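Asks: Dumping the structure here so I can ask a few things about it.
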Amino acid sequence: MEFVSSEFVFYDCSAFQDCTNCVSSNFACDWCIYENECTGNSLKCKLQGVVGGKGLYREYTLNAQTNATKFGPDKCPRLKKRDTEILLSVDTKRPIEVVAQNLPMLETGQEGYECVIGEEVVRAEVMVNNTIRCEPKQYSYSDQEQEKPIVLKVRWNGNFMIDNPDKVTVTLYKCDVNRTTCGKCLLADSKYECGWCNQVMCRYKDHCQNGAPFLNGNVVCPNPKIISFSPLKGPIEGGTQLIIKGENLGLAFNDTESIMVDNVNCVTEEEGYIPSEQLQCTLSSTPTRLSSWVKVKISKESTTYSATSEEKYSFVIPEVTKIEPTLGPMSGGTDVILEGDNLDAGTSVNVTIADQPCLDIQRKEDGTIHCVTSPVITNVTIGDVVLMIDNGKDDSNVMFYYKTDPTITKILPGHAIASGGTRVQVKGLNLHVAKKKILTMTIDSQEFRGECFNASSLGVSMTCKAPNISAKFMPLEEANYMSIPEYGFILDGVTKYQSLDGEYPPFEYFVDPEYFDLEDNEYNKNEDENLIIPGRNLNLASQKEDVQVKIGKGVCEVKDIGLLHLTCKPPEDQPKSLDGSDGAAEVIVYHGNLNFSVGLLKYYKWPLPLPLEQMIAIAAILIIVILIIVGFCIYRCKAGRSEQKITQFRQQLDQLEMKVAQECKEAFAELQIEIELPTNEEYENQGIPYREFRSCILRVLFPDQPDHPILRDLPENGVRSEKVDMGLQQFGSLINNKTFLLLFIRTLESQSSFTIKDKSNVASLLIVVLQSKMDYATDILKVLLADLIEKGVDQDRARLLMRRNESVAEKFVSNWLSFLLHSYLQESAAAPLYRLFRAIKIHVERGPVDAVTADARYSLNEGKLIREILEYETLNIYAIGLDPAKDPVEVKVLSIDTIMQAKEKIMDALYKNVPYSQRPSPDTVELEWKNTSGRLTLQDENDYTKGDGEWKRLNTLSVYEIRNGASITLINKQGCNSTLTHPRYMNSHVTSSPSRSMSPMLGQGDSENSVKVCHLVKHGDNDNQEGDRGNRMVSEIFLTRLLYTKGALQKFVDELFATILNVRREAANVPLPIKYLFDYFDDQAKENGITNPEVVHAWKSNSLPLRFWVNLIKNPDVIFDIHKSDAVDACLSIIGQTLMDSCSVSEHQLTKESPSSKLLYAKDIPNYKKLVAEYYTEIQRRPAVSDQEMNRVLGDHSTKHKYDFHEQTALNELYYTYVRKYREIILSGLESDEFAQKNKLSFKFEQVEHLMNETNV
């Protein structure tokens, strides 16, 4: 059977609601205009009001009947498309007109046309050309939007709608929305006809009050304002991109006339310009630091307005002072942190280390810069850290050390628990070099990580925590572990060990351990030595070091771990619970990353073995027996007292004889045995802790003021007013006037109240003021020296020139040499000077040193020699630093060292490569000794301290019975109980270092009951004290120790003197400043008719060796970041005196009565004198230094160091300390001087006074 199929379409024309959609459909639908409906049978509609459709299905439609005479949507009544918008400001009453087509003629009884705009309905009328005019009305809307488009609707006869196929829209708008400033207002499209009305708000032109100012169009807005700018500071070299945000900053880029910071131009850039709101420019350079407001000028045609920022922009000098860490592998990848001054300045930043870019640079909120080092070639071991911020470049002295990449040789153990956290020991080389140390495990492309830490100081081992892989742990069938072949280490940028697959056996993970509840919750300390915690799988992949057990706030020391049990030793007393309460405490086992609560534990007291009555009776009997024994002993002592005195006297004589023999034998042995001191290679490996130029020079200029104001700019408030700044600038100009400066110095020196300290201070402040003009400073120095020489010749005191600091010139010479010879010093004599210092320190500390008097067994200074025989032994102990995970360090100490002395030796060993200022202060740490009784904090004074009448002797290691091999831990200090820092025993001259000498003092009122502190000897004690008579000997027998110390240090002294005096003249490079100064002395001798060569020799010796070298020998802490103890200082003083004696031309006859300090180097001084004479002769033979050569050296130095100190601060110190004090005398001198009158210097001086006196400083 066959069937016929066909497709039928059913439709409903009434679904279309407007004419256009009705007649545009594919169906046979017509639109009846007067009936306002869409129908498939239009015969019922009025003939003149039918619009027919042209649907595709019309000819196929059954029963389709139409009465249409016009067809298509363009015959529908409709609004025509407009070429322009209909814009209407809110609250503006204005008609709206639109053009329509095919509008129907209204019949009798039909309602007219209406316009519907949103919810508003107004009457409308049809004008000529089918224009529909809506009646005027004020429209508004509540939304805070600049404009609101509303589709216009036109209806007739109530609700018959005129089609709007092109969506003719009326746009309502508000001028004042988001246009709160003049600039934003004028940026509005001109079609809105908005303007800035009455200088207060943005209004439609017809809404501005009559007569009120109305700005619109392309004009300049008044009252420009800078709201903010960034950055707030940048380098003085410029190049900083400044972004300024504000209001009314011009409508076009060309409206910006200029942007200035003080007198520094900022070049505007169109990129980044936002009309009225934002300007962008690049700052030019400035020669000095300055801080000033940002000023913007906006102009168009003849109208100009300006704006000034509320904050100041600062031109600064970014400087890197520290890099952390200081070393990393050659493969790079080390995350380094740069610290310093003004690192947050400028916009663009670039860092290079060893000429390689530092990657991924980030600036942090704390002012630091973070970046990642690049790899370097194999022969690079050290690199400069160079910072570029915009156009500024900081060639700091900060170094980064590239070390050979870490190597891994062994991984123990090769297993862990699934939850990780157990320890994995890694052996190798240079493991400490990498900062980021991570152990990784990879399972199914998912990586698990565990941190590594506690890399030993030599980098031979480190500890890692096994990663937690429990999420992927799938043990083998019938096994309790899982093998992971793909694992490795992240070591900064080192890629060699990122995957150890194939090179090492697979790493094994075992099932996690489980701990069960305690079987007994009570603990009897008498019966139960240890606590046993049950469990399973406890030691499959763990050792006891991986487990920690806590009982409340106490620790149960793990003794052993087995497969099924863990054993630990609880504390002696019941620990408090975690909430601090007494009673039972929770026991928690920490195993790797896991923790288990196994119950509560409570100690209970064991019963007394005897009743209380019986114990009292026994105690009474024991007391009676003891009293009987004591009485008998007293009787026997009185009977034998006379005989004991005779025996005691004989024993003292025997002991004295034995001690003399022992001392002679020891002295002979010491003189014959060669002393081992560190070699040059050992010093080079440790590195020399140089101070930077600024820190070194500050200690030369102001040795007693480590935080002198010249390190800082003047404070902003009060002092730094514009007038004071101007006054200091003019005062600086006067200082740069040679006539004024010389008259200023001569006037001050002529005053009796101008002390030697004042002369030194003025010389130091002047060299700071002139640090950027060293050529001018040199000219001043030459004039001052000429005056001093002429004065010395007139008074027949020429030989004493430069001998004492009796003039500004003498201190100025010292400062001048220190400034210009700093780099030469580091290249030549610094290394042998440091080696000498270290040799003295090591040798002195080999023997006892009295912590109170600084007397030592081994010294070059007779006055600082311990003249007693002391019993002691050398101990090798193991010191653990503040990071207990690091390997212990072996340290040699003496059994009679005080706790503070032992502490300093331990810190020297733990921080041997760390500058002294970067170490923890000895006052902030303590020593903790763990013995069989527990942990004991070692202190110089506590219950162990022994008293002897008015004396109290400091504790030593022997008091605590510390022996060889003991382990002592450095911990952070909890309290402050040290005798040495107790105010009752402190002298006024004691510094912050606890090891400095402290001559014992009586307490308040020096009463007989006051306690004096001593260590090894009782300072100032009478030699005839009966109790110590057996230990007294003729003190001169100990002078051989001076020879022993001299022999130990001889090669270091010779090396230093040879370097200072340029023994190797074929390779010598005498610095130009020395040659220039010595030639000047020769010329001055000729000009003043001095023919005695010894006089010129004395000038040279007093200026260079005495003022420069001897000062450095006695104070090596000027150039090195070290601590100089009083015992070492005593030896350095003897060596410095030896150099002074070597430079003298006088011959002193020595006898056996001469001081030991003169006799000690008596045979060496003639050789040293010969070297001095040859050195001076060699310098004299060299070609003269021209002024051009010298000026080049001085100019280079000025450029390099002109910003090391704040000149304005130095000027401020000079003015308020000396100019104000001697104002009348200075002014009188200026008014009476011919050249000063010619240059109107007195007038300029009074101008300075006027500006400076207006603000109280």
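Identifiers in this document derive from the order of the structure tokens: chains are assigned A, B, ..., residues are numbered from 1 separately in each chain, and ligands are numbered from 1 in order of occurrence.
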Could you give me, as a PyMOL selection string, the residues within 10 Å of stretch 81-95 of chain A, counting only C-alpha atoms and dropping anything in the same chain fewer than 3 positions from it?
Replies: chain A and resi 78+98-100+124+133-141+147-149+152+164-175+191-194+203-207
Asks: Please save N, CA and C atoms of the selected residues as an mmCIF file, in the first residue's frame.
Replies:
data_model
loop_
_atom_site.group_PDB
_atom_site.id
_atom_site.type_symbol
_atom_site.label_atom_id
_atom_site.label_comp_id
_atom_site.auth_asym_id
_atom_site.auth_seq_id
_atom_site.Cartn_x
_atom_site.Cartn_y
_atom_site.Cartn_z
ATOM 1 N N ARG A 78 4.932 55.075 9.461
ATOM 2 C CA ARG A 78 6.209 54.849 10.161
ATOM 3 C C ARG A 78 6.972 56.162 10.319
ATOM 4 N N VAL A 98 9.866 65.054 14.554
ATOM 5 C CA VAL A 98 10.346 63.913 13.752
ATOM 6 C C VAL A 98 9.532 63.868 12.468
ATOM 7 N N VAL A 99 10.100 63.308 11.433
ATOM 8 C CA VAL A 99 9.423 63.202 10.132
ATOM 9 C C VAL A 99 8.859 61.802 10.003
ATOM 10 N N ALA A 100 7.608 61.691 9.542
ATOM 11 C CA ALA A 100 6.949 60.396 9.366
ATOM 12 C C ALA A 100 6.510 60.247 7.915
ATOM 13 N N ALA A 124 0.769 65.687 20.389
ATOM 14 C CA ALA A 124 1.557 65.950 19.187
ATOM 15 C C ALA A 124 0.623 66.393 18.080
ATOM 16 N N ARG A 133 5.218 67.037 15.533
ATOM 17 C CA ARG A 133 5.810 67.945 16.517
ATOM 18 C C ARG A 133 5.224 67.637 17.885
ATOM 19 N N CYS A 134 6.126 67.156 18.808
ATOM 20 C CA CYS A 134 5.715 66.893 20.189
ATOM 21 C C CYS A 134 5.752 68.190 20.976
ATOM 22 N N GLU A 135 4.741 68.413 21.798
ATOM 23 C CA GLU A 135 4.655 69.654 22.541
ATOM 24 C C GLU A 135 5.858 69.822 23.479
ATOM 25 N N PRO A 136 6.311 71.062 23.760
ATOM 26 C CA PRO A 136 7.452 71.279 24.668
ATOM 27 C C PRO A 136 7.148 70.759 26.080
ATOM 28 N N LYS A 137 8.147 70.148 26.679
ATOM 29 C CA LYS A 137 8.002 69.643 28.049
ATOM 30 C C LYS A 137 9.392 69.435 28.647
ATOM 31 N N GLN A 138 9.547 69.592 29.957
ATOM 32 C CA GLN A 138 10.800 69.304 30.662
ATOM 33 C C GLN A 138 10.839 67.818 31.024
ATOM 34 N N TYR A 139 11.945 67.171 30.628
ATOM 35 C CA TYR A 139 12.103 65.752 30.932
ATOM 36 C C TYR A 139 13.268 65.583 31.913
ATOM 37 N N SER A 140 13.215 64.510 32.650
ATOM 38 C CA SER A 140 14.304 64.211 33.591
ATOM 39 C C SER A 140 14.394 62.707 33.799
ATOM 40 N N TYR A 141 15.523 62.289 34.442
ATOM 41 C CA TYR A 141 15.685 60.881 34.828
ATOM 42 C C TYR A 141 16.549 60.854 36.085
ATOM 43 N N GLU A 147 24.121 60.423 29.986
ATOM 44 C CA GLU A 147 23.042 60.496 28.993
ATOM 45 C C GLU A 147 22.186 59.240 29.066
ATOM 46 N N LYS A 148 20.933 59.383 28.630
ATOM 47 C CA LYS A 148 20.010 58.253 28.651
ATOM 48 C C LYS A 148 19.188 58.268 27.365
ATOM 49 N N PRO A 149 19.492 57.349 26.419
ATOM 50 C CA PRO A 149 18.710 57.285 25.174
ATOM 51 C C PRO A 149 17.355 56.602 25.410
ATOM 52 N N LEU A 152 11.710 56.784 20.897
ATOM 53 C CA LEU A 152 10.509 57.624 20.753
ATOM 54 C C LEU A 152 9.351 56.782 20.221
ATOM 55 N N ASN A 164 8.237 52.324 14.225
ATOM 56 C CA ASN A 164 9.545 52.994 14.379
ATOM 57 C C ASN A 164 10.637 51.960 14.092
ATOM 58 N N PRO A 165 10.715 51.521 12.841
ATOM 59 C CA PRO A 165 11.655 50.416 12.526
ATOM 60 C C PRO A 165 13.121 50.816 12.683
ATOM 61 N N ASP A 166 13.453 52.078 12.562
ATOM 62 C CA ASP A 166 14.852 52.522 12.689
ATOM 63 C C ASP A 166 15.191 53.016 14.099
ATOM 64 N N LYS A 167 14.263 52.749 15.010
ATOM 65 C CA LYS A 167 14.505 53.084 16.415
ATOM 66 C C LYS A 167 14.942 54.545 16.580
ATOM 67 N N VAL A 168 14.137 55.457 16.093
ATOM 68 C CA VAL A 168 14.403 56.878 16.310
ATOM 69 C C VAL A 168 14.374 57.131 17.826
ATOM 70 N N THR A 169 15.444 57.763 18.319
ATOM 71 C CA THR A 169 15.659 57.864 19.766
ATOM 72 C C THR A 169 15.804 59.314 20.195
ATOM 73 N N VAL A 170 15.283 59.613 21.369
ATOM 74 C CA VAL A 170 15.516 60.895 22.021
ATOM 75 C C VAL A 170 16.559 60.668 23.123
ATOM 76 N N THR A 171 17.673 61.389 23.077
ATOM 77 C CA THR A 171 18.735 61.236 24.083
ATOM 78 C C THR A 171 18.652 62.368 25.092
ATOM 79 N N LEU A 172 18.277 62.016 26.327
ATOM 80 C CA LEU A 172 18.294 62.979 27.426
ATOM 81 C C LEU A 172 19.698 62.966 28.040
ATOM 82 N N TYR A 173 20.190 64.103 28.521
ATOM 83 C CA TYR A 173 21.530 64.120 29.081
ATOM 84 C C TYR A 173 21.628 65.150 30.209
ATOM 85 N N LYS A 174 22.673 64.907 31.066
ATOM 86 C CA LYS A 174 22.973 65.804 32.183
ATOM 87 C C LYS A 174 24.407 66.284 32.041
ATOM 88 N N CYS A 175 24.641 67.559 32.040
ATOM 89 C CA CYS A 175 25.993 68.114 31.889
ATOM 90 C C CYS A 175 26.849 67.897 33.131
ATOM 91 N N LYS A 191 28.285 68.948 20.987
ATOM 92 C CA LYS A 191 26.868 68.803 20.635
ATOM 93 C C LYS A 191 25.975 68.968 21.855
ATOM 94 N N TYR A 192 26.555 68.740 23.085
ATOM 95 C CA TYR A 192 25.756 68.866 24.295
ATOM 96 C C TYR A 192 25.600 70.314 24.729
ATOM 97 N N GLU A 193 26.466 71.206 24.221
ATOM 98 C CA GLU A 193 26.419 72.619 24.570
ATOM 99 C C GLU A 193 26.554 72.840 26.080
ATOM 100 N N CYS A 194 27.477 72.028 26.688
ATOM 101 C CA CYS A 194 27.775 72.178 28.119
ATOM 102 C C CYS A 194 28.909 73.180 28.297
ATOM 103 N N ARG A 203 27.135 73.161 33.409
ATOM 104 C CA ARG A 203 25.709 73.361 33.135
ATOM 105 C C ARG A 203 25.466 73.462 31.636
ATOM 106 N N TYR A 204 24.204 73.158 31.255
ATOM 107 C CA TYR A 204 23.754 73.418 29.887
ATOM 108 C C TYR A 204 23.704 74.937 29.702
ATOM 109 N N LYS A 205 24.026 75.388 28.515
ATOM 110 C CA LYS A 205 24.229 76.819 28.317
ATOM 111 C C LYS A 205 23.011 77.651 28.728
ATOM 112 N N ASP A 206 21.797 77.116 28.478
ATOM 113 C CA ASP A 206 20.605 77.899 28.803
ATOM 114 C C ASP A 206 20.302 77.877 30.294
ATOM 115 N N HIS A 207 20.999 76.992 31.041
ATOM 116 C CA HIS A 207 20.736 76.898 32.483
ATOM 117 C C HIS A 207 21.680 77.748 33.308
#
Asks: So which residues touch A:Gly53 within 7 Å, counting only C-alpha atoms, skipping near sequence neighbours fewer than 3 positions away, as number ranges by chain?
Replies: A: 23-24, 28-30, 71-72
Asks: Pick out the residues sitting within 9 Å of stretch 1162-1174 of chain A, and hand them over as an MDAnalysis selection string; count only C-alpha atoms, and ignore anything fewer than 6 positions along from it in its own chain.
Replies: chainID A and resid 1054 1057:1058 1061:1063 1097 1101 1138:1139 1141:1145 1150
Asks: Using only C-alpha atoms, can you tell me which of A:Met127, A:Leu865, A:Ile1179, A:Leu714 comes closest to A:Glu1213?
Replies: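 Between A:Met127, A:Leu865, A:Ile1179, A:Leu714, the residue approaching A:Glu1213 most closely is A:Leu714.
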Asks: Which polymer residues have any atom within 12 Å of an atom of stretch 429-432 of chain A, counting only C-alpha atoms, with same-chain residues fewer than 6 positions away left out, as an NGL selection string?
Replies: :A and (325-330 or 334 or 402-410 or 438 or 452-464 or 489-492 or 494 or 497 or 886-887)
Asks: Export N, CA, C and O atoms of the chosen residues as a short mmCIF file (atom, residue, chain, number, x, y, z; two decimals), in the first residue's frame?
Replies:
data_model
loop_
_atom_site.label_atom_id
_atom_site.label_comp_id
_atom_site.auth_asym_id
_atom_site.auth_seq_id
_atom_site.Cartn_x
_atom_site.Cartn_y
_atom_site.Cartn_z
N PRO A 325 71.33 36.92 49.49
CA PRO A 325 72.63 36.48 50.03
C PRO A 325 73.79 37.10 49.25
O PRO A 325 73.57 37.71 48.20
N THR A 326 74.99 36.92 49.76
CA THR A 326 76.17 37.50 49.11
C THR A 326 76.82 36.54 48.13
O THR A 326 77.80 36.91 47.50
N LEU A 327 76.33 35.33 48.03
CA LEU A 327 76.94 34.37 47.12
C LEU A 327 75.86 33.50 46.52
O LEU A 327 74.75 33.39 47.03
N GLY A 328 76.22 32.88 45.39
CA GLY A 328 75.29 31.99 44.71
C GLY A 328 76.04 31.17 43.68
O GLY A 328 77.22 31.41 43.38
N PRO A 329 75.38 30.18 43.11
CA PRO A 329 76.07 29.31 42.14
C PRO A 329 76.30 30.01 40.81
O PRO A 329 75.61 30.97 40.46
N MET A 330 77.31 29.50 40.06
CA MET A 330 77.61 30.08 38.75
C MET A 330 76.47 29.89 37.76
O MET A 330 76.36 30.62 36.79
N THR A 334 69.71 32.55 41.61
CA THR A 334 69.62 32.91 43.03
C THR A 334 68.71 34.13 43.21
O THR A 334 68.91 35.16 42.57
N TYR A 402 80.33 34.53 43.06
CA TYR A 402 79.89 33.34 42.35
C TYR A 402 80.75 32.17 42.78
O TYR A 402 81.98 32.22 42.71
N LYS A 403 80.10 31.15 43.24
CA LYS A 403 80.79 29.96 43.70
C LYS A 403 80.50 28.79 42.75
O LYS A 403 79.51 28.79 42.02
N THR A 404 81.38 27.80 42.80
CA THR A 404 81.17 26.61 42.00
C THR A 404 79.83 25.99 42.35
O THR A 404 79.42 25.95 43.50
N ASP A 405 79.14 25.49 41.32
CA ASP A 405 77.81 24.92 41.54
C ASP A 405 77.84 23.81 42.58
O ASP A 405 78.84 23.08 42.70
N PRO A 406 76.75 23.68 43.35
CA PRO A 406 76.68 22.58 44.31
C PRO A 406 76.75 21.22 43.62
O PRO A 406 76.30 21.06 42.47
N THR A 407 77.35 20.28 44.31
CA THR A 407 77.37 18.89 43.83
C THR A 407 76.81 18.01 44.93
O THR A 407 77.00 18.26 46.11
N ILE A 408 76.10 16.96 44.52
CA ILE A 408 75.48 16.02 45.45
C ILE A 408 76.16 14.67 45.29
O ILE A 408 76.28 14.15 44.17
N THR A 409 76.64 14.12 46.40
CA THR A 409 77.34 12.83 46.36
C THR A 409 76.58 11.71 47.05
O THR A 409 76.78 10.55 46.73
N LYS A 410 75.71 12.06 48.01
CA LYS A 410 75.04 11.00 48.75
C LYS A 410 73.73 11.53 49.31
O LYS A 410 73.62 12.69 49.70
N ILE A 438 65.37 22.75 47.44
CA ILE A 438 64.10 22.04 47.54
C ILE A 438 64.27 20.62 47.02
O ILE A 438 64.87 20.39 45.96
N CYS A 452 64.61 22.29 52.02
CA CYS A 452 65.90 21.88 52.56
C CYS A 452 66.48 23.03 53.38
O CYS A 452 66.26 24.20 53.06
N PHE A 453 67.21 22.69 54.41
CA PHE A 453 67.71 23.73 55.32
C PHE A 453 68.96 23.21 56.01
O PHE A 453 69.44 22.11 55.73
N ASN A 454 69.49 24.05 56.89
CA ASN A 454 70.65 23.67 57.72
C ASN A 454 71.85 23.25 56.88
O ASN A 454 72.55 22.29 57.22
N ALA A 455 72.10 23.95 55.78
CA ALA A 455 73.33 23.67 55.03
C ALA A 455 74.52 24.08 55.89
O ALA A 455 74.54 25.17 56.47
N SER A 456 75.49 23.21 56.01
CA SER A 456 76.65 23.50 56.86
C SER A 456 77.46 24.66 56.28
O SER A 456 77.36 24.98 55.09
N SER A 457 78.26 25.29 57.14
CA SER A 457 79.02 26.46 56.72
C SER A 457 79.98 26.14 55.58
O SER A 457 80.32 26.99 54.78
N LEU A 458 80.44 24.91 55.50
CA LEU A 458 81.34 24.51 54.41
C LEU A 458 80.58 23.91 53.24
O LEU A 458 81.18 23.57 52.22
N GLY A 459 79.27 23.77 53.38
CA GLY A 459 78.45 23.27 52.29
C GLY A 459 78.59 21.79 52.02
O GLY A 459 78.29 21.33 50.92
N VAL A 460 79.01 21.01 53.01
CA VAL A 460 79.21 19.57 52.77
C VAL A 460 77.97 18.77 53.12
O VAL A 460 77.92 17.58 52.85
N SER A 461 76.97 19.39 53.73
CA SER A 461 75.76 18.65 54.07
C SER A 461 74.60 19.61 54.22
O SER A 461 74.78 20.80 54.44
N MET A 462 73.41 19.06 54.05
CA MET A 462 72.19 19.82 54.34
C MET A 462 71.09 18.82 54.66
O MET A 462 71.19 17.63 54.38
N THR A 463 70.04 19.31 55.28
CA THR A 463 68.91 18.48 55.69
C THR A 463 67.68 18.92 54.92
O THR A 463 67.41 20.11 54.80
N CYS A 464 66.94 17.93 54.39
CA CYS A 464 65.70 18.22 53.67
C CYS A 464 64.54 17.52 54.36
O CYS A 464 64.72 16.48 55.00
N PHE A 489 66.47 17.74 42.90
CA PHE A 489 66.65 18.89 43.77
C PHE A 489 66.61 20.17 42.94
O PHE A 489 67.18 20.24 41.85
N ILE A 490 65.95 21.17 43.48
CA ILE A 490 66.01 22.52 42.92
C ILE A 490 67.06 23.27 43.72
O ILE A 490 66.91 23.47 44.93
N LEU A 491 68.15 23.66 43.07
CA LEU A 491 69.24 24.38 43.71
C LEU A 491 69.50 25.65 42.91
O LEU A 491 70.37 25.72 42.06
N ASP A 492 68.65 26.66 43.14
CA ASP A 492 68.69 27.90 42.35
C ASP A 492 68.63 27.55 40.86
O ASP A 492 67.72 26.86 40.44
N VAL A 494 70.79 25.68 39.13
CA VAL A 494 71.54 24.47 38.79
C VAL A 494 70.56 23.43 38.26
O VAL A 494 69.63 23.03 38.96
N TYR A 497 70.87 18.55 38.87
CA TYR A 497 70.26 17.65 39.85
C TYR A 497 68.75 17.79 39.92
O TYR A 497 68.13 17.28 40.85
N LYS A 886 72.74 24.03 62.03
CA LYS A 886 74.05 24.08 61.37
C LYS A 886 75.05 23.25 62.15
O LYS A 886 74.92 23.00 63.34
N ASP A 887 76.10 22.80 61.43
CA ASP A 887 77.10 21.95 62.05
C ASP A 887 77.84 22.71 63.15
O ASP A 887 78.11 23.91 63.02
#
Asks: Stretch 1127-1254 of chain A: which residues are alpha helix (DSSP H) by DSSP, as a short mmCIF file (atom, residue, chain, number, x, y, z; two decimals) with C-alpha atoms, in the first residue's frame?
Replies:
data_model
loop_
_atom_site.label_atom_id
_atom_site.label_comp_id
_atom_site.auth_asym_id
_atom_site.auth_seq_id
_atom_site.Cartn_x
_atom_site.Cartn_y
_atom_site.Cartn_z
CA ALA A 1127 94.87 43.84 75.10
CA VAL A 1128 95.37 44.05 71.33
CA ASP A 1129 95.38 47.85 71.50
CA ALA A 1130 98.30 47.74 73.95
CA CYS A 1131 100.39 45.75 71.43
CA LEU A 1132 99.42 47.98 68.50
CA SER A 1133 100.51 51.05 70.47
CA ILE A 1134 104.02 49.59 70.86
CA ILE A 1135 104.24 48.87 67.12
CA GLY A 1136 102.99 52.37 66.29
CA GLN A 1137 105.59 53.86 68.65
CA THR A 1138 108.26 51.75 66.92
CA LEU A 1139 107.35 53.28 63.55
CA MET A 1140 107.50 56.76 65.09
CA ASP A 1141 110.95 56.02 66.54
CA SER A 1142 112.08 54.70 63.16
CA CYS A 1143 111.16 57.98 61.49
CA SER A 1156 111.15 47.84 77.84
CA SER A 1157 109.10 49.36 74.99
CA LYS A 1158 112.30 51.03 73.71
CA LEU A 1159 114.52 48.01 74.34
CA LEU A 1160 112.16 45.53 72.68
CA ILE A 1165 114.87 50.34 64.65
CA PRO A 1166 118.23 51.09 62.91
CA ASN A 1167 117.16 48.91 59.97
CA TYR A 1168 113.75 50.59 59.88
CA LYS A 1169 115.41 54.04 59.97
CA LYS A 1170 117.46 53.07 56.96
CA LEU A 1171 114.30 52.08 55.09
CA VAL A 1172 112.66 55.41 55.97
CA ALA A 1173 115.63 57.41 54.70
CA GLU A 1174 115.80 55.41 51.45
CA TYR A 1175 112.05 55.80 50.99
CA TYR A 1176 112.22 59.59 51.34
CA THR A 1177 115.22 59.73 49.00
CA GLU A 1178 113.44 57.58 46.41
CA ILE A 1179 110.39 59.85 46.46
CA GLN A 1180 112.63 62.92 46.06
CA ARG A 1181 114.30 61.39 43.00
CA ASP A 1187 99.76 70.96 38.96
CA GLN A 1188 97.82 69.60 35.98
CA GLU A 1189 98.49 66.00 36.98
CA MET A 1190 97.58 66.69 40.57
CA ASN A 1191 94.41 68.56 39.61
CA ARG A 1192 93.36 65.60 37.47
CA VAL A 1193 93.73 63.27 40.46
CA LEU A 1194 91.90 65.73 42.70
CA GLY A 1195 89.13 66.20 40.13
CA ASP A 1196 88.59 62.46 39.77
CA HIS A 1197 88.40 62.10 43.54
CA SER A 1198 85.94 64.99 43.84
CA THR A 1199 83.66 63.52 41.20
CA LYS A 1200 83.69 60.07 42.76
CA HIS A 1201 83.06 61.14 46.35
CA GLU A 1207 77.79 69.55 52.56
CA GLN A 1208 74.74 71.55 53.67
CA THR A 1209 74.82 69.85 57.07
CA ALA A 1210 78.55 70.58 57.46
CA LEU A 1211 77.93 74.23 56.57
CA ASN A 1212 75.13 74.34 59.11
CA GLU A 1213 77.47 72.94 61.82
CA LEU A 1214 80.18 75.47 60.94
CA ARG A 1223 80.59 86.82 64.62
CA GLU A 1224 81.86 90.19 65.77
CA ILE A 1225 85.54 89.26 65.36
CA ILE A 1226 84.99 87.75 61.90
CA LEU A 1227 83.00 90.79 60.76
CA SER A 1228 85.66 93.12 62.09
CA GLY A 1229 88.36 91.19 60.23
CA LEU A 1230 86.38 91.37 56.97
CA GLU A 1231 85.86 95.12 57.32
CA SER A 1232 89.54 95.75 57.93
CA GLU A 1234 91.60 95.26 51.83
CA PHE A 1235 90.67 92.33 49.58
CA ALA A 1236 87.56 91.59 51.62
CA GLN A 1237 86.44 95.19 51.23
CA LYS A 1238 87.04 95.06 47.49
CA LEU A 1241 82.64 90.20 51.78
CA SER A 1242 81.38 91.87 54.93
CA PHE A 1243 78.12 92.78 53.17
CA LYS A 1244 77.73 89.21 51.91
CA PHE A 1245 78.49 87.90 55.38
CA GLU A 1246 75.75 90.09 56.87
CA GLN A 1247 73.34 88.82 54.20
CA VAL A 1248 74.07 85.28 55.32
CA GLU A 1249 73.43 86.29 58.92
CA HIS A 1250 70.14 87.93 57.98
CA LEU A 1251 68.85 84.80 56.25
CA MET A 1252 70.11 82.37 58.89
#
Asks: Please compute the atom CA of A:Leu290-atom CA of A:Glu319 distance, one decimal, in Å.
Replies: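 Distance between the two atoms: 16.2 Å.
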Asks: Identify, on the basis of only C-alpha atoms, every residue whose closest approach to stretch 106-110 of chain A does not exceed 10 Å; exclude the query and any residue fewer than 5 positions from it along the same chain; express the result as a ChimeraX atom specification.
Replies: /A:34,156-158
